[in-house]
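The file entry_3.txt comes next; it holds compact mmCIF, C-alpha atoms.
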```
# COMPACT_ATOMS: atom_id res chain seq x y z
CA MET V 222 14.35 64.68 -2.89
CA GLN V 223 13.53 64.34 0.76
CA GLN V 224 15.86 61.34 1.07
CA PHE V 225 18.85 63.59 0.51
CA GLU V 226 17.85 66.13 3.12
CA ILE V 227 20.16 66.86 6.01
CA LYS V 228 18.39 66.61 9.34
CA ARG V 229 20.01 68.02 12.44
CA LEU V 230 19.66 65.34 15.10
CA ILE V 231 21.71 67.14 17.76
CA PRO V 232 22.30 70.81 17.05
CA ILE V 233 25.86 71.76 18.04
CA GLU V 234 27.59 75.06 17.54
CA LEU V 235 31.35 75.41 17.95
CA PHE V 236 33.30 78.67 17.58
CA GLY V 237 30.40 80.10 15.67
CA TYR V 238 30.26 77.21 13.21
CA ASP V 239 27.32 74.87 12.84
CA VAL V 240 28.73 71.40 13.54
CA SER V 241 25.42 69.75 14.36
CA PHE V 242 25.21 65.99 14.54
CA THR V 243 23.11 65.31 11.46
CA ASN V 244 21.80 62.16 9.82
CA ALA V 245 24.88 62.35 7.56
CA SER V 246 27.09 62.47 10.66
CA LEU V 247 25.23 59.48 12.03
CA PHE V 248 26.05 57.34 9.00
CA MET V 249 29.66 58.53 8.97
CA VAL V 250 29.93 57.43 12.60
CA ILE V 251 28.24 54.10 11.75
CA ALA V 252 30.82 53.54 9.01
CA LEU V 253 33.58 54.53 11.42
CA ALA V 254 32.24 51.96 13.88
CA ILE V 255 31.46 48.99 11.65
CA ILE V 256 34.62 48.98 9.54
CA PRO V 257 37.06 48.38 12.42
CA LEU V 258 34.46 46.16 14.12
CA PHE V 259 34.20 43.96 11.03
CA TYR V 260 37.95 43.54 10.89
CA LEU V 261 38.13 42.97 14.62
CA ILE V 262 35.66 40.08 14.37
CA ALA V 263 37.03 38.75 11.08
CA MET V 264 40.65 38.74 12.20
CA ASN V 265 39.86 37.62 15.74
CA ARG V 266 41.16 34.07 15.34
CA ARG V 267 44.15 35.07 13.19
CA ALA V 268 43.94 31.60 11.69
CA LEU V 269 46.68 30.31 9.43
CA VAL V 270 43.98 28.82 7.23
CA PRO V 271 41.33 31.56 7.15
CA GLY V 272 37.62 31.03 7.52
CA ARG V 273 35.03 32.80 5.41
CA LEU V 274 35.01 36.08 7.31
CA GLN V 275 38.79 36.22 7.62
CA SER V 276 39.10 35.45 3.91
CA THR V 277 36.87 38.41 3.13
CA ALA V 278 38.95 40.69 5.33
CA GLU V 279 42.21 39.46 3.80
CA LEU V 280 40.72 39.68 0.32
CA SER V 281 39.90 43.36 0.80
CA TYR V 282 43.43 43.95 2.12
CA GLU V 283 45.08 42.16 -0.79
CA PHE V 284 42.70 43.81 -3.26
CA ILE V 285 43.76 47.34 -2.33
CA ALA V 286 47.38 46.36 -1.67
CA ASN V 287 47.65 44.83 -5.14
CA MET V 288 45.95 47.86 -6.67
CA VAL V 289 48.48 50.21 -5.07
CA ARG V 290 51.36 47.89 -5.97
CA ASP V 291 50.23 47.51 -9.58
CA ILE V 292 49.55 51.17 -10.24
CA VAL V 293 52.06 52.99 -8.04
CA GLY V 294 54.60 50.27 -7.29
CA GLU V 295 56.40 49.34 -4.08
CA LYS V 296 57.08 53.03 -3.32
CA GLY V 297 53.34 53.61 -3.10
CA MET V 298 52.87 51.08 -0.30
CA LYS V 299 53.75 53.87 2.15
CA TYR V 300 50.35 55.37 1.35
CA PHE V 301 48.48 52.06 1.40
CA PRO V 302 46.64 52.69 4.73
CA TRP V 303 45.40 56.01 3.41
CA ILE V 304 44.16 54.49 0.12
CA PHE V 305 42.58 51.63 2.04
CA THR V 306 40.76 54.05 4.32
CA ILE V 307 39.42 55.98 1.32
CA PHE V 308 38.16 52.80 -0.33
CA MET V 309 36.53 51.27 2.74
CA PHE V 310 34.98 54.56 3.85
CA ILE V 311 33.36 55.25 0.48
CA LEU V 312 32.37 51.61 -0.07
CA VAL V 313 30.66 51.31 3.30
CA LEU V 314 28.95 54.69 2.98
CA ASN V 315 27.70 53.71 -0.50
CA LEU V 316 26.42 50.34 0.72
CA LEU V 317 24.80 51.78 3.85
CA GLY V 318 22.91 54.16 1.58
CA LEU V 319 21.17 51.22 -0.04
CA LEU V 320 19.42 50.23 3.16
CA PRO V 321 15.81 51.48 3.35
CA TYR V 322 15.35 54.63 5.46
CA SER V 323 19.10 55.14 5.53
CA PHE V 324 21.06 58.13 4.32
CA THR V 325 23.70 58.11 1.59
CA VAL V 326 26.55 60.33 2.73
CA THR V 327 28.29 60.04 -0.64
CA SER V 328 25.27 61.43 -2.46
CA HIS V 329 26.26 64.87 -1.21
CA ILE V 330 28.60 66.79 -3.47
CA ILE V 331 30.19 68.58 -0.55
CA VAL V 332 31.33 65.25 0.97
CA THR V 333 32.68 63.75 -2.24
CA PHE V 334 34.28 67.06 -3.12
CA ALA V 335 35.94 67.29 0.28
CA LEU V 336 37.31 63.75 -0.19
CA ALA V 337 38.54 64.53 -3.69
CA ALA V 338 40.06 67.81 -2.52
CA MET V 339 41.85 66.00 0.28
CA VAL V 340 43.21 63.48 -2.24
CA TRP V 341 44.27 66.29 -4.57
CA LEU V 342 45.96 68.36 -1.86
CA ILE V 343 47.80 65.43 -0.29
CA ILE V 344 48.96 64.08 -3.65
CA THR V 345 50.13 67.51 -4.80
CA ALA V 346 52.05 67.84 -1.53
CA ILE V 347 53.57 64.37 -2.03
CA GLY V 348 54.57 65.35 -5.57
CA PHE V 349 56.36 68.49 -4.44
CA MET V 350 57.95 66.69 -1.50
CA ASN V 351 59.31 63.93 -3.72
CA HIS V 352 60.38 65.98 -6.72
CA GLY V 353 60.55 69.57 -5.52
CA VAL V 354 60.03 72.10 -8.30
CA GLY V 355 60.68 69.22 -10.73
CA PHE V 356 57.11 68.11 -10.08
CA LEU V 357 56.04 70.93 -12.39
CA LYS V 358 57.51 68.87 -15.24
CA LEU V 359 54.32 66.82 -14.93
CA PHE V 360 52.69 69.53 -17.03
CA VAL V 361 55.33 69.26 -19.77
CA PRO V 362 54.88 65.88 -21.43
CA ASP V 363 57.78 64.29 -23.29
CA GLY V 364 57.93 64.23 -27.07
CA VAL V 365 55.71 67.24 -27.71
CA PRO V 366 56.88 69.70 -30.43
CA TRP V 367 58.09 72.92 -28.79
CA TRP V 368 55.56 75.12 -30.57
CA LEU V 369 52.74 73.02 -29.11
CA LEU V 370 54.09 73.35 -25.58
CA PRO V 371 52.28 76.56 -24.56
CA ILE V 372 48.91 74.98 -25.39
CA ILE V 373 49.78 71.58 -23.95
CA VAL V 374 51.04 73.02 -20.68
CA VAL V 375 47.85 75.03 -20.24
CA ILE V 376 45.72 71.98 -21.05
CA GLU V 377 47.70 69.77 -18.68
CA LEU V 378 47.48 72.39 -15.95
CA ILE V 379 43.72 72.78 -16.35
CA SER V 380 43.21 69.02 -16.43
CA TYR V 381 45.27 68.76 -13.25
CA LEU V 382 43.37 71.53 -11.48
CA ILE V 383 40.03 70.11 -12.55
CA ARG V 384 40.82 66.67 -11.16
CA PRO V 385 39.06 67.09 -7.80
CA ILE V 386 35.91 68.21 -9.60
CA SER V 387 35.72 65.29 -12.04
CA HIS V 388 36.83 62.97 -9.26
CA SER V 389 34.08 64.08 -6.89
CA VAL V 390 31.21 64.68 -9.32
CA ARG V 391 31.52 61.11 -10.71
CA LEU V 392 30.91 59.56 -7.31
CA PHE V 393 28.28 62.06 -6.23
CA ALA V 394 26.29 61.89 -9.47
CA ASN V 395 26.29 58.09 -9.55
CA MET V 396 25.15 57.77 -5.97
CA MET V 397 22.52 60.46 -6.26
CA ALA V 398 21.14 59.31 -9.60
CA GLY V 399 20.89 55.72 -8.45
CA HIS V 400 19.10 56.59 -5.27
CA ALA V 401 16.79 59.08 -6.96
CA MET V 402 15.92 56.37 -9.48
CA LEU V 403 15.15 53.88 -6.71
CA LYS V 404 12.97 56.47 -5.04
CA VAL V 405 11.07 57.26 -8.24
CA PHE V 406 10.35 53.60 -8.97
CA ALA V 407 9.41 52.94 -5.37
CA GLY V 408 6.94 55.78 -5.82
CA PHE V 409 5.53 53.99 -8.91
CA VAL V 410 5.01 50.81 -6.87
CA ILE V 411 2.83 52.71 -4.43
CA GLY V 412 1.19 54.77 -7.14
CA LEU V 413 0.18 51.82 -9.35
CA GLY V 414 -1.13 49.85 -6.41
CA VAL V 415 -1.59 46.10 -5.99
CA LEU V 416 -2.57 45.57 -9.61
CA GLY V 417 0.08 47.51 -11.52
CA GLY V 418 2.78 47.90 -8.90
CA TRP V 419 4.43 44.57 -9.57
CA ALA V 420 6.23 45.67 -12.72
CA PRO V 421 8.12 48.55 -11.09
CA LEU V 422 8.69 46.31 -8.05
CA VAL V 423 10.42 43.70 -10.22
CA PHE V 424 12.42 46.47 -11.85
CA LEU V 425 13.25 47.81 -8.40
CA VAL V 426 14.64 44.45 -7.28
CA GLY V 427 16.87 44.22 -10.34
CA PHE V 428 17.90 47.83 -10.04
CA THR V 429 18.84 47.37 -6.40
CA GLY V 430 21.22 44.63 -7.51
CA LEU V 431 22.65 47.01 -10.07
CA GLU V 432 23.00 49.68 -7.38
CA LEU V 433 25.00 47.23 -5.26
CA VAL V 434 27.41 46.87 -8.17
CA VAL V 435 27.49 50.64 -8.66
CA ALA V 436 28.16 51.18 -4.95
CA PHE V 437 31.21 48.93 -5.19
CA LEU V 438 32.26 50.15 -8.61
CA GLN V 439 32.22 53.83 -7.68
CA ALA V 440 34.26 53.22 -4.54
CA PHE V 441 36.64 51.20 -6.73
CA ILE V 442 36.87 53.91 -9.41
CA PHE V 443 37.45 56.62 -6.85
CA THR V 444 40.28 54.55 -5.35
CA VAL V 445 41.82 53.61 -8.69
CA LEU V 446 41.86 57.27 -9.74
CA THR V 447 43.47 58.17 -6.43
CA CYS V 448 46.15 55.55 -7.15
CA ILE V 449 46.69 56.89 -10.67
CA TYR V 450 47.07 60.44 -9.35
CA LEU V 451 49.39 59.14 -6.65
CA ASN V 452 51.47 57.42 -9.32
CA ASP V 453 51.95 60.78 -11.04
CA ALA V 454 53.19 62.28 -7.80
CA VAL V 455 55.42 59.37 -6.78
CA ASN V 456 56.88 58.23 -10.10
CA MET V 457 56.18 61.16 -12.43
CA HIS V 458 55.37 58.86 -15.31
CA HIS V 459 54.17 60.73 -18.32
CA HIS V 460 51.11 59.42 -20.03
CA MET E 208 39.30 87.37 -2.55
CA ILE E 209 37.88 86.20 0.77
CA ALA E 210 35.21 88.84 0.54
CA ALA E 211 34.31 87.63 -2.93
CA ILE E 212 34.06 84.04 -1.78
CA SER E 213 31.97 84.89 1.24
CA ALA E 214 29.72 87.02 -0.93
CA LEU E 215 29.37 84.06 -3.27
CA LEU E 216 28.59 81.77 -0.36
CA VAL E 217 25.98 84.11 1.01
CA ALA E 218 24.41 84.41 -2.41
CA ALA E 219 24.47 80.64 -2.77
CA ALA E 220 22.97 80.28 0.70
CA ALA E 221 20.22 82.65 -0.21
CA ALA E 222 19.63 80.81 -3.44
CA GLY E 223 19.74 77.50 -1.59
CA ALA E 224 17.29 78.66 1.01
CA HIS E 225 15.09 79.93 -1.76
CA GLU E 226 15.39 76.70 -3.70
CA GLU E 227 14.61 74.56 -0.70
CA LYS E 228 11.23 76.11 -0.56
CA ALA E 229 10.94 75.45 -4.26
CA GLY E 230 12.02 71.81 -3.79
CA GLY E 231 15.59 72.26 -5.02
CA LEU E 232 18.43 69.83 -4.38
CA PRO E 233 19.22 69.53 -0.67
CA GLN E 234 22.85 68.87 -1.69
CA LEU E 235 23.26 72.47 -2.76
CA ASN E 236 22.24 74.05 0.54
CA PRO E 237 25.44 75.71 1.87
CA ALA E 238 24.01 75.84 5.38
CA ASP E 239 24.43 72.07 5.50
CA PHE E 240 28.06 72.15 4.37
CA ALA E 241 29.77 72.99 7.64
CA PRO E 242 28.38 70.15 9.79
CA GLN E 243 29.05 67.61 7.05
CA LEU E 244 32.62 68.77 6.52
CA ALA E 245 33.31 68.82 10.25
CA TRP E 246 32.00 65.31 10.81
CA LEU E 247 33.61 64.03 7.64
CA ALA E 248 36.99 65.30 8.79
CA VAL E 249 36.59 63.82 12.27
CA THR E 250 35.30 60.40 11.14
CA PHE E 251 37.75 60.04 8.28
CA VAL E 252 40.77 60.92 10.41
CA LEU E 253 39.63 58.57 13.19
CA LEU E 254 38.98 55.78 10.71
CA TYR E 255 42.41 56.34 9.17
CA LEU E 256 44.08 56.20 12.58
CA VAL E 257 42.29 53.01 13.64
CA LEU E 258 42.87 51.26 10.32
CA SER E 259 46.51 52.27 9.89
CA ARG E 260 47.51 51.70 13.52
CA VAL E 261 45.52 48.61 14.46
CA THR E 262 43.55 46.88 11.75
CA LEU E 263 45.91 46.83 8.78
CA PRO E 264 49.06 45.83 10.70
CA ARG E 265 47.13 42.89 12.17
CA ILE E 266 46.01 41.65 8.74
CA GLY E 267 49.48 42.30 7.35
CA GLU E 268 50.99 40.24 10.14
CA VAL E 269 48.72 37.28 9.49
CA LEU E 270 49.42 37.43 5.75
CA GLU E 271 53.14 37.76 6.38
CA GLU E 272 53.06 34.82 8.76
CA ARG E 273 51.27 32.69 6.21
CA ARG E 274 53.70 33.69 3.46
CA ASP E 275 56.63 32.87 5.73
CA ARG E 276 55.09 29.53 6.67
CA VAL E 277 54.48 28.59 3.05
CA GLN E 278 58.00 29.72 2.16
CA ARG E 279 59.42 27.68 5.04
CA ASP E 280 57.53 24.61 3.93
CA LEU E 281 58.66 25.08 0.36
CA ASP E 282 62.24 25.50 1.55
CA ALA E 283 61.98 22.35 3.64
CA ALA E 284 60.58 20.44 0.66
CA GLU E 285 63.44 21.76 -1.45
CA ARG E 286 65.94 20.66 1.19
CA PHE E 287 64.42 17.19 1.42
CA LYS E 288 64.52 16.88 -2.33
CA GLY E 289 68.20 17.84 -2.32
CA GLU E 290 68.88 15.28 0.36
CA THR E 291 67.06 12.61 -1.60
CA ASP E 292 69.04 13.51 -4.70
CA ALA E 293 72.30 13.34 -2.77
CA ALA E 294 71.37 9.98 -1.28
CA LEU E 295 70.45 8.70 -4.71
CA ALA E 296 73.74 9.93 -6.15
CA ALA E 297 75.64 8.32 -3.28
CA TYR E 298 73.80 5.07 -3.88
CA GLU E 299 74.57 5.21 -7.59
CA LYS E 300 78.23 5.90 -6.84
CA ALA E 301 78.42 3.06 -4.32
CA LEU E 302 76.83 0.75 -6.83
CA SER E 303 79.24 1.69 -9.61
CA ASP E 304 82.18 1.49 -7.16
CA ALA E 305 81.11 -1.95 -6.06
CA ARG E 306 80.73 -3.00 -9.65
CA GLN E 307 84.17 -1.67 -10.49
CA LYS E 308 85.69 -3.31 -7.43
CA ALA E 309 84.06 -6.62 -8.27
CA SER E 310 85.34 -6.50 -11.80
CA SER E 311 88.84 -5.55 -10.65
CA MET E 312 88.76 -8.34 -8.08
CA ALA E 313 87.67 -10.81 -10.71
CA LYS E 314 90.44 -9.58 -12.97
CA GLU E 315 92.96 -9.89 -10.17
CA VAL E 316 91.86 -13.42 -9.36
CA ARG E 317 91.96 -14.32 -13.00
CA ASP E 318 95.40 -12.80 -13.38
CA ARG E 319 96.66 -14.53 -10.26
CA LEU E 320 95.24 -17.84 -11.36
CA SER E 321 96.72 -17.52 -14.81
CA ALA E 322 100.05 -16.46 -13.28
CA ASP E 323 99.93 -19.48 -10.98
CA THR E 324 99.17 -21.75 -13.83
CA GLU E 325 101.94 -20.17 -15.83
CA SER E 326 104.51 -20.57 -13.06
CA GLU E 327 103.32 -24.11 -12.37
CA ARG E 328 103.67 -24.91 -15.99
CA SER E 329 107.10 -23.35 -16.28
CA LYS E 330 108.15 -25.13 -13.08
CA ILE E 331 106.94 -28.44 -14.41
CA GLU E 332 108.52 -27.68 -17.73
CA GLY E 333 111.79 -26.88 -15.97
CA GLU E 334 111.57 -30.04 -13.92
CA LEU E 335 110.85 -31.99 -17.01
CA ALA E 336 113.77 -30.33 -18.75
CA THR E 337 116.16 -31.16 -15.89
CA LYS E 338 114.83 -34.70 -15.75
CA LEU E 339 115.33 -34.91 -19.50
CA ALA E 340 118.83 -33.52 -19.18
CA ASP E 341 119.55 -35.93 -16.30
CA ALA E 342 118.26 -38.80 -18.34
CA GLU E 343 120.28 -37.70 -21.31
CA THR E 344 123.47 -37.43 -19.24
CA ARG E 345 122.69 -40.74 -17.63
CA ILE E 346 122.14 -42.29 -21.00
CA ALA E 347 125.34 -40.71 -22.29
CA ALA E 348 127.23 -41.95 -19.23
CA THR E 349 125.79 -45.39 -19.59
CA LYS E 350 126.62 -45.34 -23.25
CA ASN E 351 130.18 -44.22 -22.57
CA LYS E 352 130.48 -46.77 -19.83
CA ALA E 353 129.08 -49.37 -22.13
CA LEU E 354 131.42 -48.26 -24.88
CA ALA E 355 134.33 -48.33 -22.44
CA SER E 356 133.22 -51.77 -21.31
CA VAL E 357 133.08 -52.84 -24.94
CA ASP E 358 136.72 -51.86 -25.33
CA GLU E 359 137.60 -53.68 -22.15
CA ILE E 360 135.63 -56.71 -23.08
CA ALA E 361 137.06 -56.60 -26.58
CA ALA E 362 140.52 -56.30 -25.21
CA GLU E 363 139.95 -59.07 -22.71
CA THR E 364 138.35 -61.19 -25.32
CA ALA E 365 141.06 -60.36 -27.75
CA SER E 366 143.79 -61.13 -25.17
CA ALA E 367 142.02 -64.35 -24.29
CA VAL E 368 141.67 -65.21 -27.97
CA VAL E 369 145.27 -64.20 -28.63
CA GLY E 370 146.37 -66.10 -25.55
CA LYS E 371 144.57 -69.23 -26.71
CA LEU E 372 145.83 -68.90 -30.21
CA LEU E 373 149.39 -68.13 -29.39
CA GLY E 374 149.54 -69.99 -26.16
CA GLU E 375 151.23 -67.05 -24.80
CA GLU E 376 149.93 -64.85 -22.14
CA VAL E 377 149.29 -61.37 -23.54
CA SER E 378 148.42 -58.57 -21.09
CA PRO E 379 145.16 -56.83 -21.75
CA ALA E 380 146.99 -53.52 -21.76
CA GLU E 381 149.04 -54.63 -24.68
CA VAL E 382 146.04 -55.86 -26.51
CA LYS E 383 144.31 -52.67 -25.77
CA LYS E 384 147.17 -50.69 -27.17
CA ALA E 385 147.17 -52.93 -30.17
CA ILE E 386 143.53 -52.56 -30.94
CA GLN E 387 143.30 -48.92 -30.10
CA PRO E 388 143.77 -47.72 -33.64
CA ALA E 389 141.08 -50.08 -34.81
CA ALA E 390 138.71 -48.94 -32.21
CA GLU E 391 139.13 -45.39 -33.20
```
Take the structure I supplied and represent it as structure tokens, if you would.
Amino acid sequence: MQQFEIKRLIPIELFGYDVSFTNASLFMVIALAIIPLFYLIAMNRRALVPGRLQSTAELSYEFIANMVRDIVGEKGMKYFPWIFTIFMFILVLNLLGLLPYSFTVTSHIIVTFALAAMVWLIITAIGFMNHGVGFLKLFVPDGVPWWLLPIIVVIELISYLIRPISHSVRLFANMMAGHAMLKVFAGFVIGLGVLGGWAPLVFLVGFTGLELVVAFLQAFIFTVLTCIYLNDAVNMHHH
Amino acid sequence: MIAAISALLVAAAAAGAHEEKAGGLPQLNPADFAPQLAWLAVTFVLLYLVLSRVTLPRIGEVLEERRDRVQRDLDAAERFKGETDAALAAYEKALSDARQKASSMAKEVRDRLSADTESERSKIEGELATKLADAETRIAATKNKALASVDEIAAETASAVVGKLLGEEVSPAEVKKAIQPAAE
């Protein structure tokens, strides 16, 4: 599990807290650098008829914009930059993790949990800001017999409180399991040598392709769930 | 509460440190949490600022511009189509007007011609009628004259005959008076 280890590249201590620049920090900073850089290069020409790179940039924009519009509606477009940042950040961190010798930031539960907690806190705040105390009605679904209400409210409340955990563990577990799997099979390639190593190598190639899909899919799922939670807070639609 | 959490964290840290030696998950080492959270907060906030302030508005602008352009072109096409339709309608109207005018002109000419013919005919008929009447009066006059002449001649003849027969000169007026009842 050495690939998941945090290595302090530049030890820093601030107000008694350890804020060292670690390998995780390095990849966060790389993501922070390459995302705007990509869009800077892609949108450089601002062509009316986009080229390949510009198309990709616009596609990602439309992809998230349509997602927010479909799930939350026009009122949700206020939060579009935030959703877009979440998606791109997780997507790029997931993809960077697939490079050999790199580090997968999203394979750390503390990072995914912090992201999910941020989503949960902001969305809860949005809910109370939009609906005041009425936001609590989210826990009282329509059309439930009154005698079921005490149980339902408790269940709804628990499912709401547990959201950041399910939200974060899904991403973390997928990223970690995938990378651990790659590591294990890479170990087999070495272990079985020139004669037997080809089988796990072939598997490894296929599995890397699958991991690419998973990297995208998990960023997508995390973002879709964020949109669904946001929809609750903005529109208060009962499920 | 805080004491409980810190106690928990310390216990977890101890367990984590212990597990690390035993090859436990590096993800569960609380000592590594602080630097990750700090850098996550900094990078995420910076990324959000750059994307929301610079990157996304730029893409939005380009998309908006394209949408506007397409809409403009569609509008222009719509306008041209309307103009074409109007021109076509005007042409159709002009054509039907011309057709109507032509037919009315033809009718007018026909009417005028037939009226002319009619008046010509009635004029000629009138002329003929007057000529006929003239002729009739002339004939009547001639006849009367002739009839009057007959009386005269008869009287003259009669007076001549009477004169010859009686050897006595008889005035035509007398003869005339004498034969008047016979003539009537």
message: I'd like the interatomic distance between CA of Ala440 in chain V and CA of Ile227 in chain V, to a tenth of an Å.
response: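 Separation of CA of Ala440 in chain V and CA of Ile227 in chain V: 22.3 Å.
Taking CA of Val434 in chain V and CA of Met396 in chain V as endpoints, the distance between them is 11.3 Å.
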List every residue of chain E that has an atom at most 7 Å from any atom of chain V, and for each one report the closest atom pair and its distance in Å to one decimal, counting all atoms listed in the file, with rows sorted by chain and then by increasing residue number, as a Markdown table.
```
| residue | atom | partner | partner_atom | distance |
| --- | --- | --- | --- | --- |
| E:Leu232 | CA | V:Met222 | CA | 6.7 |
| E:Pro233 | CA | V:Glu226 | CA | 5.3 |
| E:Gln234 | CA | V:His329 | CA | 5.3 |
| E:Asp239 | CA | V:Ile227 | CA | 6.8 |
| E:Phe240 | CA | V:Ile331 | CA | 6.4 |
| E:Ala241 | CA | V:Asp239 | CA | 6.0 |
| E:Pro242 | CA | V:Val240 | CA | 4.0 |
| E:Gln243 | CA | V:Ser246 | CA | 6.6 |
| E:Leu244 | CA | V:Val332 | CA | 6.7 |
| E:Ala245 | CA | V:Val240 | CA | 6.2 |
| E:Trp246 | CA | V:Ser246 | CA | 5.7 |
| E:Leu247 | CA | V:Met249 | CA | 6.9 |
| E:Thr250 | CA | V:Leu253 | CA | 6.1 |
| E:Leu254 | CA | V:Leu253 | CA | 5.6 |
| E:Tyr255 | CA | V:Thr306 | CA | 5.6 |
| E:Leu258 | CA | V:Pro257 | CA | 6.8 |
| E:Ser259 | CA | V:Pro302 | CA | 5.2 |
| E:Thr262 | CA | V:Tyr260 | CA | 6.6 |
| E:Ile266 | CA | V:Glu279 | CA | 6.6 |
| E:Val269 | CA | V:Arg267 | CA | 6.3 |
| E:Arg273 | CA | V:Leu269 | CA | 6.1 |
```
query: Which of these residues is nearest to Phe424 in chain V, using all atoms listed in the file: V:Val390, V:Ala398, V:Leu403, V:Val289?
result: V:Leu403
query: Mind pulling up the distance from CA of Phe284 in chain V to CA of Leu312 in chain V?
result: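 For CA of Leu312 in chain V relative to CA of Phe284 in chain V, the distance reads 13.3 Å.
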message: Residues within 7 Å of Val382 in chain E, please, as number ranges by chain. Count all atoms listed in the file; anything in the same chain fewer than 4 positions from it doesn't count.
response: E: 362, 365-366, 378, 386
message: List the spatial neighbours of Ala420 in chain V as a ChimeraX atom specification - criterion: any atom at most 10 Å away, all atoms listed in the file, same-chain residues fewer than 4 positions off excluded.
response: /V:406,409-410,413,416,424-425
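Checking V:Leu433, V:Cys448, V:Leu369, V:Ile231 one by one against Val313 in chain V, counting all atoms listed in the file, you find the shortest gap at V:Leu433.
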task: Might you pull out every residue within 12 Å of range 341-350 of chain V, with all atoms listed in the file counted and same-chain residues fewer than 6 positions away left off, and present them as a PyMOL selection string?
output: chain V and resi 296-297+299-300+303-304+334-335+356-359+381-389+446-458
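Counting only C-alpha atoms, the residue from V:Asn351, V:Ser380, V:Thr327, V:Asn287 that sits nearest to Ala436 in chain V is V:Thr327.
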Best match for closeness to Ser356 in chain E among E:Glu376, E:Glu272, E:Lys383, E:Ser311, counting only C-alpha atoms: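 That would be E:Lys383, the residue with the smallest distance to Ser356 in chain E.
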